[in-house]
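*Asks:* Sharing run_12.pdb here; it has PDB, C-alpha atoms.
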```pdb
MODEL        1
ATOM      1  CA  MET A  30     102.412 147.043  62.024
ATOM      2  CA  THR A  31     106.142 147.557  61.893
ATOM      3  CA  ASN A  32     108.585 145.908  59.547
ATOM      4  CA  ASP A  33     112.294 146.337  59.039
ATOM      5  CA  ARG A  34     114.009 145.441  55.823
ATOM      6  CA  ASP A  35     117.729 145.320  55.272
ATOM      7  CA  HIS A  36     120.065 143.686  52.796
ATOM      8  CA  GLY A  37     123.655 142.701  53.349
ATOM      9  CA  GLY A  38     126.074 140.317  51.726
ATOM     10  CA  HIS A  39     129.424 138.681  51.468
ATOM     11  CA  SER A  40     130.536 141.115  48.752
ATOM     12  CA  HIS A  41     130.842 143.944  51.278
ATOM     13  CA  GLY A  42     133.257 141.880  53.361
ATOM     14  CA  VAL A  43     135.347 141.058  50.290
ATOM     15  CA  ALA A  44     135.378 144.726  49.249
ATOM     16  CA  SER A  45     136.420 145.861  52.724
ATOM     17  CA  ASP A  46     139.285 143.341  52.711
ATOM     18  CA  ALA A  47     140.514 144.766  49.412
ATOM     19  CA  ASP A  48     140.143 148.341  50.692
ATOM     20  CA  LEU A  49     142.102 147.473  53.840
ATOM     21  CA  ARG A  50     144.971 146.061  51.791
ATOM     22  CA  LEU A  51     145.076 149.180  49.608
ATOM     23  CA  VAL A  52     145.094 151.459  52.656
ATOM     24  CA  LEU A  53     147.953 149.499  54.252
ATOM     25  CA  VAL A  54     150.018 149.654  51.051
ATOM     26  CA  ALA A  55     149.538 153.435  50.854
ATOM     27  CA  LEU A  56     150.391 153.719  54.562
ATOM     28  CA  GLY A  57     153.660 151.869  54.043
ATOM     29  CA  LEU A  58     154.673 154.215  51.212
ATOM     30  CA  ILE A  59     153.881 157.343  53.230
ATOM     31  CA  VAL A  60     155.673 156.182  56.397
ATOM     32  CA  ALA A  61     158.829 155.324  54.441
ATOM     33  CA  PHE A  62     158.965 158.741  52.818
ATOM     34  CA  LEU A  63     158.027 160.601  56.006
ATOM     35  CA  VAL A  64     161.276 159.505  57.635
ATOM     36  CA  VAL A  65     163.222 160.846  54.653
ATOM     37  CA  GLU A  66     161.374 164.166  54.608
ATOM     38  CA  VAL A  67     161.700 164.908  58.320
ATOM     39  CA  THR A  68     165.448 164.303  58.060
ATOM     40  CA  ALA A  69     165.675 166.629  55.049
ATOM     41  CA  ALA A  70     163.568 169.313  56.766
ATOM     42  CA  ILE A  71     165.922 169.334  59.753
ATOM     43  CA  LEU A  72     169.056 169.442  57.603
ATOM     44  CA  GLY A  73     167.655 172.106  55.263
ATOM     45  CA  ASP A  74     165.853 174.208  57.910
ATOM     46  CA  SER A  75     162.844 174.386  55.578
ATOM     47  CA  LEU A  76     159.410 175.262  56.949
ATOM     48  CA  VAL A  77     157.734 174.119  53.761
ATOM     49  CA  LEU A  78     159.289 170.673  54.216
ATOM     50  CA  PHE A  79     158.178 170.674  57.841
ATOM     51  CA  ALA A  80     154.727 171.706  56.611
ATOM     52  CA  ASP A  81     154.676 168.813  54.170
ATOM     53  CA  ALA A  82     156.003 166.485  56.856
ATOM     54  CA  GLY A  83     153.320 167.705  59.250
ATOM     55  CA  HIS A  84     150.705 167.023  56.642
ATOM     56  CA  MET A  85     152.202 163.595  56.023
ATOM     57  CA  VAL A  86     151.968 162.872  59.746
ATOM     58  CA  THR A  87     148.248 163.527  59.376
ATOM     59  CA  ASP A  88     148.294 161.215  56.352
ATOM     60  CA  VAL A  89     149.799 158.476  58.494
ATOM     61  CA  ALA A  90     147.168 159.126  61.164
ATOM     62  CA  ALA A  91     144.424 159.289  58.527
ATOM     63  CA  LEU A  92     145.425 156.018  56.899
ATOM     64  CA  SER A  93     145.877 154.320  60.286
ATOM     65  CA  LEU A  94     142.444 155.520  61.397
ATOM     66  CA  SER A  95     140.994 154.427  58.086
ATOM     67  CA  ALA A  96     142.435 150.930  58.452
ATOM     68  CA  TRP A  97     141.191 150.732  62.045
ATOM     69  CA  ALA A  98     137.709 151.919  61.044
ATOM     70  CA  ILE A  99     137.454 149.391  58.193
ATOM     71  CA  THR A 100     138.384 146.603  60.602
ATOM     72  CA  LEU A 101     135.987 147.825  63.286
ATOM     73  CA  ALA A 102     133.089 148.352  60.854
ATOM     74  CA  ARG A 103     133.211 144.683  59.853
ATOM     75  CA  ARG A 104     132.317 143.540  63.357
ATOM     76  CA  PRO A 105     128.784 142.131  63.523
ATOM     77  CA  ALA A 106     125.938 143.764  65.385
ATOM     78  CA  ARG A 107     125.416 142.629  68.948
ATOM     79  CA  GLU A 108     122.869 143.144  71.710
ATOM     80  CA  ARG A 109     124.073 146.581  72.826
ATOM     81  CA  TRP A 110     125.593 147.717  69.514
ATOM     82  CA  THR A 111     122.543 147.010  67.390
ATOM     83  CA  TYR A 112     123.991 148.624  64.258
ATOM     84  CA  GLY A 113     127.409 147.112  64.793
ATOM     85  CA  PHE A 114     130.333 149.534  64.463
ATOM     86  CA  LYS A 115     129.615 150.962  61.024
ATOM     87  CA  ARG A 116     129.728 154.526  62.358
ATOM     88  CA  ALA A 117     133.426 153.993  63.157
ATOM     89  CA  GLU A 118     134.159 155.046  59.567
ATOM     90  CA  ILE A 119     132.401 158.367  60.111
ATOM     91  CA  LEU A 120     134.170 158.951  63.422
ATOM     92  CA  ALA A 121     137.499 158.284  61.682
ATOM     93  CA  ALA A 122     136.649 160.813  58.977
ATOM     94  CA  THR A 123     135.736 163.387  61.636
ATOM     95  CA  ALA A 124     138.981 162.766  63.524
ATOM     96  CA  ASN A 125     140.925 163.174  60.287
ATOM     97  CA  GLY A 126     139.211 166.487  59.607
ATOM     98  CA  VAL A 127     140.005 167.806  63.106
ATOM     99  CA  LEU A 128     143.606 166.609  62.868
ATOM    100  CA  LEU A 129     144.065 168.286  59.508
ATOM    101  CA  LEU A 130     142.591 171.514  60.867
ATOM    102  CA  GLY A 131     144.953 171.555  63.863
ATOM    103  CA  VAL A 132     148.049 170.983  61.754
ATOM    104  CA  ALA A 133     146.959 173.679  59.289
ATOM    105  CA  VAL A 134     146.602 176.266  62.061
ATOM    106  CA  ALA A 135     150.016 175.416  63.537
ATOM    107  CA  ILE A 136     151.763 175.624  60.179
ATOM    108  CA  GLY A 137     149.898 178.805  59.242
ATOM    109  CA  VAL A 138     151.061 180.620  62.380
ATOM    110  CA  GLU A 139     154.681 179.619  61.801
ATOM    111  CA  ALA A 140     154.497 180.498  58.088
ATOM    112  CA  ILE A 141     153.282 184.017  58.842
ATOM    113  CA  GLY A 142     156.152 184.470  61.299
ATOM    114  CA  ARG A 143     158.714 183.361  58.726
ATOM    115  CA  LEU A 144     157.090 185.502  56.059
ATOM    116  CA  ILE A 145     157.890 188.498  58.259
ATOM    117  CA  SER A 146     161.372 187.246  59.235
ATOM    118  CA  PRO A 147     162.638 184.816  56.566
ATOM    119  CA  HIS A 148     164.992 181.962  57.511
ATOM    120  CA  HIS A 149     167.733 180.510  55.347
ATOM    121  CA  VAL A 150     166.366 177.619  53.268
ATOM    122  CA  ALA A 151     168.340 175.038  51.285
ATOM    123  CA  GLY A 152     166.432 175.432  48.033
ATOM    124  CA  ALA A 153     168.113 172.573  46.167
ATOM    125  CA  LEU A 154     167.340 170.157  48.987
ATOM    126  CA  VAL A 155     163.727 171.318  49.140
ATOM    127  CA  LEU A 156     163.377 170.873  45.384
ATOM    128  CA  SER A 157     164.885 167.372  45.416
ATOM    129  CA  VAL A 158     162.807 166.107  48.331
ATOM    130  CA  ALA A 159     159.621 167.628  46.921
ATOM    131  CA  ILE A 160     160.073 165.869  43.580
ATOM    132  CA  ILE A 161     160.590 162.524  45.325
ATOM    133  CA  GLY A 162     157.610 163.232  47.586
ATOM    134  CA  ALA A 163     155.373 164.040  44.635
ATOM    135  CA  LEU A 164     156.292 160.728  43.020
ATOM    136  CA  VAL A 165     155.607 158.796  46.248
ATOM    137  CA  ASN A 166     152.261 160.530  46.734
ATOM    138  CA  LEU A 167     151.332 159.969  43.103
ATOM    139  CA  LEU A 168     151.925 156.250  43.625
ATOM    140  CA  ALA A 169     149.923 156.270  46.879
ATOM    141  CA  THR A 170     147.123 158.174  45.134
ATOM    142  CA  ARG A 171     146.951 155.586  42.371
ATOM    143  CA  VAL A 172     146.765 152.830  44.996
ATOM    144  CA  LEU A 173     143.928 154.477  46.940
ATOM    145  CA  ALA A 174     142.068 155.425  43.752
ATOM    146  CA  ARG A 175     141.216 151.735  43.452
ATOM    147  CA  ALA A 176     139.420 151.752  46.833
ATOM    148  CA  ASN A 177     135.726 152.422  47.380
ATOM    149  CA  ARG A 178     135.549 156.217  47.625
ATOM    150  CA  GLU A 179     131.823 156.180  48.277
ATOM    151  CA  SER A 180     132.975 155.555  51.841
ATOM    152  CA  LEU A 181     133.531 158.865  53.646
ATOM    153  CA  ASN A 182     136.309 157.215  55.594
ATOM    154  CA  LEU A 183     138.214 156.235  52.459
ATOM    155  CA  ARG A 184     137.377 159.549  50.848
ATOM    156  CA  ALA A 185     139.024 161.252  53.821
ATOM    157  CA  ALA A 186     142.151 159.155  53.449
ATOM    158  CA  PHE A 187     142.237 159.784  49.693
ATOM    159  CA  ALA A 188     141.749 163.522  50.235
ATOM    160  CA  HIS A 189     144.765 163.614  52.542
ATOM    161  CA  ILE A 190     146.971 161.954  49.941
ATOM    162  CA  VAL A 191     145.748 164.078  47.031
ATOM    163  CA  THR A 192     146.213 167.276  49.062
ATOM    164  CA  ASP A 193     149.751 166.160  49.814
ATOM    165  CA  LEU A 194     150.400 165.585  46.125
ATOM    166  CA  TYR A 195     149.396 169.168  45.326
ATOM    167  CA  ALA A 196     151.405 170.353  48.307
ATOM    168  CA  PHE A 197     154.567 168.687  47.016
ATOM    169  CA  VAL A 198     154.093 170.335  43.640
ATOM    170  CA  GLY A 199     153.914 173.688  45.440
ATOM    171  CA  THR A 200     156.945 172.785  47.525
ATOM    172  CA  ALA A 201     158.941 171.894  44.427
ATOM    173  CA  LEU A 202     158.045 175.226  42.858
ATOM    174  CA  SER A 203     159.128 177.113  45.999
ATOM    175  CA  GLY A 204     162.417 175.210  46.014
ATOM    176  CA  LEU A 205     162.955 176.095  42.360
ATOM    177  CA  VAL A 206     162.246 179.782  43.053
ATOM    178  CA  ILE A 207     164.745 179.791  45.932
ATOM    179  CA  VAL A 208     167.421 178.087  43.822
ATOM    180  CA  VAL A 209     166.967 180.516  40.915
ATOM    181  CA  THR A 210     166.197 183.806  42.696
ATOM    182  CA  HIS A 211     167.280 183.207  46.340
ATOM    183  CA  TRP A 212     163.911 184.690  47.423
ATOM    184  CA  LEU A 213     163.483 182.980  50.806
ATOM    185  CA  ARG A 214     159.884 184.073  51.350
ATOM    186  CA  ALA A 215     158.844 181.595  48.647
ATOM    187  CA  ASP A 216     159.130 178.915  51.333
ATOM    188  CA  SER A 217     156.575 180.641  53.588
ATOM    189  CA  ILE A 218     154.216 181.473  50.725
ATOM    190  CA  ALA A 219     154.219 177.847  49.574
ATOM    191  CA  SER A 220     153.503 176.822  53.177
ATOM    192  CA  LEU A 221     150.487 179.140  53.322
ATOM    193  CA  LEU A 222     149.158 177.710  50.063
ATOM    194  CA  ILE A 223     149.442 174.237  51.596
ATOM    195  CA  VAL A 224     147.566 175.509  54.655
ATOM    196  CA  ILE A 225     144.726 176.730  52.437
ATOM    197  CA  LEU A 226     144.483 173.288  50.809
ATOM    198  CA  MET A 227     144.459 171.634  54.241
ATOM    199  CA  LEU A 228     141.726 173.952  55.529
ATOM    200  CA  TRP A 229     139.578 173.332  52.454
ATOM    201  CA  THR A 230     139.950 169.556  52.790
ATOM    202  CA  SER A 231     139.265 169.700  56.525
ATOM    203  CA  TRP A 232     136.095 171.741  56.014
ATOM    204  CA  GLY A 233     134.720 169.239  53.505
ATOM    205  CA  LEU A 234     135.367 166.276  55.797
ATOM    206  CA  LEU A 235     133.904 167.942  58.893
ATOM    207  CA  ARG A 236     130.840 169.176  56.986
ATOM    208  CA  ASP A 237     130.007 165.770  55.521
ATOM    209  CA  SER A 238     130.770 163.755  58.654
ATOM    210  CA  GLY A 239     128.878 166.297  60.760
ATOM    211  CA  ARG A 240     125.748 165.853  58.654
ATOM    212  CA  ILE A 241     125.901 162.110  59.225
ATOM    213  CA  LEU A 242     126.622 162.317  62.954
ATOM    214  CA  LEU A 243     123.738 164.791  63.399
ATOM    215  CA  GLN A 244     121.528 162.403  61.402
ATOM    216  CA  ALA A 245     120.560 164.929  58.758
ATOM    217  CA  ALA A 246     118.711 163.583  55.733
ATOM    218  CA  PRO A 247     121.074 162.830  52.829
ATOM    219  CA  GLU A 248     121.555 165.861  50.578
ATOM    220  CA  ASP A 249     120.449 163.975  47.477
ATOM    221  CA  LEU A 250     117.237 162.681  49.092
ATOM    222  CA  ASP A 251     114.093 164.827  48.813
ATOM    223  CA  LEU A 252     111.761 163.812  51.656
ATOM    224  CA  ALA A 253     108.820 165.554  49.970
ATOM    225  CA  ASP A 254     109.413 163.326  46.949
ATOM    226  CA  VAL A 255     109.604 160.254  49.186
ATOM    227  CA  ARG A 256     106.312 161.203  50.855
ATOM    228  CA  HIS A 257     104.680 161.744  47.444
ATOM    229  CA  HIS A 258     105.768 158.335  46.129
ATOM    230  CA  VAL A 259     104.626 156.484  49.238
ATOM    231  CA  ALA A 260     101.268 158.291  49.120
ATOM    232  CA  THR A 261     100.643 156.932  45.603
ATOM    233  CA  VAL A 262     100.527 153.350  46.893
ATOM    234  CA  ASP A 263      96.949 152.103  46.878
ATOM    235  CA  GLY A 264      95.357 152.358  50.322
ATOM    236  CA  VAL A 265      97.779 154.951  51.747
ATOM    237  CA  LEU A 266      96.128 158.085  53.166
ATOM    238  CA  ASP A 267      99.025 159.930  54.753
ATOM    239  CA  VAL A 268     102.672 159.707  55.806
ATOM    240  CA  HIS A 269     104.049 161.354  58.933
ATOM    241  CA  ASP A 270     106.993 160.981  61.311
ATOM    242  CA  LEU A 271     109.136 160.535  58.214
ATOM    243  CA  HIS A 272     112.845 160.341  59.023
ATOM    244  CA  ALA A 273     115.846 159.476  56.863
ATOM    245  CA  TRP A 274     119.482 159.422  57.866
ATOM    246  CA  THR A 275     122.813 157.953  56.846
ATOM    247  CA  LEU A 276     124.091 155.172  59.079
ATOM    248  CA  THR A 277     127.445 155.117  57.320
ATOM    249  CA  SER A 278     128.588 155.983  53.818
ATOM    250  CA  GLY A 279     126.214 154.534  51.235
ATOM    251  CA  SER A 280     123.778 153.166  53.821
ATOM    252  CA  VAL A 281     120.570 155.202  54.109
ATOM    253  CA  THR A 282     117.957 154.265  56.713
ATOM    254  CA  LEU A 283     114.332 155.441  56.709
ATOM    255  CA  SER A 284     111.455 155.227  59.167
ATOM    256  CA  ALA A 285     107.875 156.487  58.877
ATOM    257  CA  HIS A 286     104.317 156.162  60.114
ATOM    258  CA  VAL A 287     101.988 155.343  57.230
ATOM    259  CA  VAL A 288      98.242 155.902  57.636
ATOM    260  CA  LEU A 289      96.104 153.397  55.720
ATOM    261  CA  GLU A 290      92.434 153.203  54.870
ATOM    262  CA  ASN A 291      90.521 151.105  57.404
ATOM    263  CA  ARG A 292      89.534 148.631  54.696
ATOM    264  CA  CYS A 293      93.196 147.596  54.375
ATOM    265  CA  PHE A 294      93.142 146.227  57.919
ATOM    266  CA  ASP A 295      89.683 144.696  57.571
ATOM    267  CA  ALA A 296      90.629 142.883  54.371
ATOM    268  CA  GLY A 297      94.020 141.763  55.701
ATOM    269  CA  GLY A 298      95.927 143.484  52.890
ATOM    270  CA  THR A 299      98.572 145.232  54.974
ATOM    271  CA  PRO A 300     101.419 142.790  54.133
ATOM    272  CA  GLN A 301     100.954 143.517  50.421
ATOM    273  CA  ILE A 302     100.909 147.279  51.054
ATOM    274  CA  LEU A 303     104.054 147.007  53.156
ATOM    275  CA  ASP A 304     105.805 145.146  50.350
ATOM    276  CA  ALA A 305     104.637 147.746  47.822
ATOM    277  CA  ILE A 306     105.946 150.657  49.899
ATOM    278  CA  GLN A 307     109.322 149.041  50.503
ATOM    279  CA  SER A 308     109.657 148.122  46.829
ATOM    280  CA  CYS A 309     108.890 151.752  45.981
ATOM    281  CA  LEU A 310     111.597 152.978  48.364
ATOM    282  CA  ALA A 311     114.145 150.540  46.994
ATOM    283  CA  GLU A 312     113.407 151.193  43.317
ATOM    284  CA  HIS A 313     113.045 154.977  43.372
ATOM    285  CA  PHE A 314     115.407 155.971  46.190
ATOM    286  CA  ALA A 315     117.772 152.982  46.637
ATOM    287  CA  ILE A 316     116.652 152.668  50.274
ATOM    288  CA  SER A 317     116.736 149.007  51.303
ATOM    289  CA  HIS A 318     116.654 149.542  55.077
ATOM    290  CA  SER A 319     113.279 150.912  56.109
ATOM    291  CA  THR A 320     111.126 150.606  59.220
ATOM    292  CA  LEU A 321     107.436 151.409  58.705
ATOM    293  CA  GLN A 322     104.559 151.634  61.142
ATOM    294  CA  LEU A 323     101.236 151.001  59.416
ATOM    295  CA  GLU A 324      98.339 152.548  61.300
ATOM    296  CA  PRO A 325      94.614 153.210  60.774
ATOM    297  CA  ALA A 326      93.137 156.675  60.347
ATOM    298  CA  GLY A 327      92.623 158.306  63.726
ATOM    299  CA  HIS A 328      95.583 156.567  65.368
ATOM    300  CA  ALA A 329      97.545 159.833  65.301
ATOM    301  CA  ALA A 330      95.285 161.134  68.068
ATOM    302  CA  HIS A 331      97.000 158.683  70.423
ATOM    303  CA  GLU A 332     100.512 159.887  69.558
ATOM    304  CA  ASP A 333     101.969 162.611  71.747
ATOM    305  CA  ASP A 334     104.827 163.774  69.532
ATOM    306  CA  ILE A 335     104.165 163.736  65.800
ATOM    307  CA  HIS A 336     106.566 165.106  63.217
ATOM    308  CA  LEU A 337     105.583 166.079  59.733
TER     309      LEU A 337
ENDMDL
END
```
Mind turning this structure into structure tokens?
*Replies:*
Amino acid sequence: MTNDRDHGGHSHGVASDADLRLVLVALGLIVAFLVVEVTAAILGDSLVLFADAGHMVTDVAALSLSAWAITLARRPARERWTYGFKRAEILAATANGVLLLGVAVAIGVEAIGRLISPHHVAGALVLSVAIIGALVNLLATRVLARANRESLNLRAAFAHIVTDLYAFVGTALSGLVIVVTHWLRADSIASLLIVILMLWTSWGLLRDSGRILLQAAPEDLDLADVRHHVATVDGVLDVHDLHAWTLTSGSVTLSAHVVLENRCFDAGGTPQILDAIQSCLAEHFAISHSTLQLEPAGHAAHEDDIHL
């Protein structure tokens, strides 16, 4: 006997609408400042400003991908796409991680070159632009902080903006050092610090999105504990072929084969046992989407590929 249980609601659609508006507001702020920063980087011949601008290009891409993924994820399931397009959010987070990694490598190579052979940098211009950039990113951060950061997609977008905020602080400090001491290598060192932040952020996004795409069990879910709880339900003898994975952020799905005592089938009590198991999963593990196959003892002998 197989049963699938899932819960959805209008509130998710309302929340996604609000998240989309917040992402678009942050995107508008970043795009407006990006134009200013690229112009200043060209006029001031500053790698650290180019580094920040490069990171902000990834912010624009990240926020655009985030907005696209939110829109796509709201599409309903259909015959071929039985889960809908909820995984679009995870794909967007993965793309953001790869993009951030690529930009970090490019900036890192150039920063090392300029560390060896410093270029003239307009320190006052760098300082001024960095201060303005920090203020813009602070505002964008406050906007995105109101979004649902349980979503890996939105977490990726937020991470981009927060990393940029720290980067602008570093840029401002490098500009101040150049103005006061005329030490040009401060520009390259600040760029390398930004690269480290970008690499760290990229690693986190790729690790988390990779776990979801490879359908690993959620880190905070102990399958042995799940098996133990299900086994305590009256009439349950064993649990095998137990699988749990994340469909998209905050949406855990579970499937399992549950072996019952023969009397449960004879007495017609399987619907009650099914309800008890699914209530257990919902109450103890917050899993509301589960598919369970209830089978009599000895049925496993007819299954060719059984997992623990």
*Asks:* Figure out the distance between atom CA of Val255 of chain A and atom CA of Asp295 of chain A, please, to one decimal in Å.
*Replies:*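 Rounded to one decimal, the two atoms are 26.6 Å apart.
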*Asks:* In Å, with one decimal, what is the gap from atom CA of Leu242 of chain A to atom CA of Leu310 of chain A?
*Replies:* 22.9 Å
*Asks:* Can you tell me how far atom CA of Val165 of chain A sits from atom CA of Asn182 of chain A, in Å to one decimal?
*Replies:*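 Going from atom CA of Val165 of chain A over to atom CA of Asn182 of chain A, I get 21.5 Å.
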*Asks:* So that I can check the surroundings of Gly83 of chain A, please list as an NGL selection string every protein, DNA and RNA residue that reaches within 9 Å of it, counting all atoms listed in the file and ignoring chain neighbours fewer than 2 positions away.
*Replies:* :A and (67 or 78-81 or 85-88 or 132-133 or 136)
*Asks:* For a quick check of understanding, using all atoms listed in the file, which of A:Ile141, A:Val268, A:Leu221, A:Val206 has the smallest distance to Ser284 of chain A?
*Replies:*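 That would be A:Val268, the residue with the smallest distance to Ser284 of chain A.
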*Asks:* Using only C-alpha atoms, pick whichever of A:Ser308, A:Thr320, A:Thr123, A:Ser231 has the shortest atom-to-atom distance to Leu271 of chain A.
*Replies:*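 Once distances to Leu271 of chain A are computed over only C-alpha atoms, the minimum belongs to A:Thr320.
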*Asks:* Pull out every residue that the PyMOL selection byres ((chain A and resi 104) around 12) matches in the shown coordinates and put them as an mmCIF file with C-alpha atoms, keeping the file's coordinate frame.
*Replies:*
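The new file out_16.cif reads:
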```
data_model
loop_
_atom_site.group_PDB
_atom_site.id
_atom_site.type_symbol
_atom_site.label_atom_id
_atom_site.label_comp_id
_atom_site.auth_asym_id
_atom_site.auth_seq_id
_atom_site.Cartn_x
_atom_site.Cartn_y
_atom_site.Cartn_z
ATOM 1 C CA GLY A 42 133.257 141.880 53.361
ATOM 2 C CA SER A 45 136.420 145.861 52.724
ATOM 3 C CA TRP A 97 141.191 150.732 62.045
ATOM 4 C CA ALA A 98 137.709 151.919 61.044
ATOM 5 C CA ILE A 99 137.454 149.391 58.193
ATOM 6 C CA THR A 100 138.384 146.603 60.602
ATOM 7 C CA LEU A 101 135.987 147.825 63.286
ATOM 8 C CA ALA A 102 133.089 148.352 60.854
ATOM 9 C CA ARG A 103 133.211 144.683 59.853
ATOM 10 C CA PRO A 105 128.784 142.131 63.523
ATOM 11 C CA ALA A 106 125.938 143.764 65.385
ATOM 12 C CA ARG A 107 125.416 142.629 68.948
ATOM 13 C CA TRP A 110 125.593 147.717 69.514
ATOM 14 C CA THR A 111 122.543 147.010 67.390
ATOM 15 C CA TYR A 112 123.991 148.624 64.258
ATOM 16 C CA GLY A 113 127.409 147.112 64.793
ATOM 17 C CA PHE A 114 130.333 149.534 64.463
ATOM 18 C CA LYS A 115 129.615 150.962 61.024
ATOM 19 C CA ARG A 116 129.728 154.526 62.358
ATOM 20 C CA ALA A 117 133.426 153.993 63.157
#
```
*Asks:* Translate the PyMOL selection byres ((chain A and resi 153-157) around 7) into a concrete residue list for this structure, as a JSON list (two decimals) with C-alpha atoms, in the coordinates of the input.
*Replies:*
```json
[["chain", "number", "residue", "atom", "x", "y", "z"],
["A", 73, "GLY", "CA", 167.66, 172.11, 55.26],
["A", 78, "LEU", "CA", 159.29, 170.67, 54.22],
["A", 151, "ALA", "CA", 168.34, 175.04, 51.28],
["A", 152, "GLY", "CA", 166.43, 175.43, 48.03],
["A", 158, "VAL", "CA", 162.81, 166.11, 48.33],
["A", 159, "ALA", "CA", 159.62, 167.63, 46.92],
["A", 160, "ILE", "CA", 160.07, 165.87, 43.58],
["A", 161, "ILE", "CA", 160.59, 162.52, 45.32],
["A", 201, "ALA", "CA", 158.94, 171.89, 44.43],
["A", 204, "GLY", "CA", 162.42, 175.21, 46.01],
["A", 205, "LEU", "CA", 162.96, 176.10, 42.36],
["A", 208, "VAL", "CA", 167.42, 178.09, 43.82]]
```
*Asks:* With all atoms listed in the file as the basis for distance, which of A:Ala305, A:Val265, A:Leu194, A:Leu183 is at the shortest distance from Glu290 of chain A?
*Replies:*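 Smallest separation from Glu290 of chain A among the options: A:Val265.
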*Asks:* Which residues, written as a list in words, have at least one atom at most 10 Å from Leu243 of chain A, with only C-alpha atoms counted and residues fewer than 4 positions away on the same chain left out?
*Replies:*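 Counting only the stated atoms, we get Ser238, Gly239, Trp274 and Thr275 of chain A.
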*Asks:* Could you tell me which residues the PyMOL selection byres ((chain A and resi 246) around 10) returns for this structure, as a list of chain:residue names?
*Replies:*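 What the PyMOL selection byres ((chain A and resi 246) around 10) grabs from the file is A:Arg240, A:Ile241, A:Leu243, A:Gln244, A:Ala245, A:Pro247, A:Glu248, A:Asp249, A:Leu250, A:Asp251, A:Leu252, A:His272, A:Ala273, A:Trp274, A:Thr275, A:Val281, A:Thr282, A:Leu283.
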*Asks:* Would you compute the box with edges along x, y and z of the file around segment 180-184 of chain A, including every atom the file lists for it and 6 Å extra on each side, and give its centre and edge lengths in Å to one decimal, as lines of an AutoDock Vina configuration file?
*Replies:*
```
center_x = 135.6
center_y = 157.6
center_z = 53.2
size_x = 17.2
size_y = 16.0
size_z = 16.7
```
*Asks:* Within 10 Å of (142.8, 154.1, 59.0) (file coordinates; all atoms listed in the file), which protein or nucleic acid residues are there? I'd like them as an MDAnalysis selection string.
*Replies:* chainID A and resid 49 52:53 56 88:100 118 121:122 125 182:183 185:186
*Asks:* Scan for residues within 6 Å of the point (93.2, 154.9, 59.5) in the coordinates of the file, using all atoms listed in the file, and reply as a ChimeraX atom specification.
*Replies:* /A:288-291,324-327
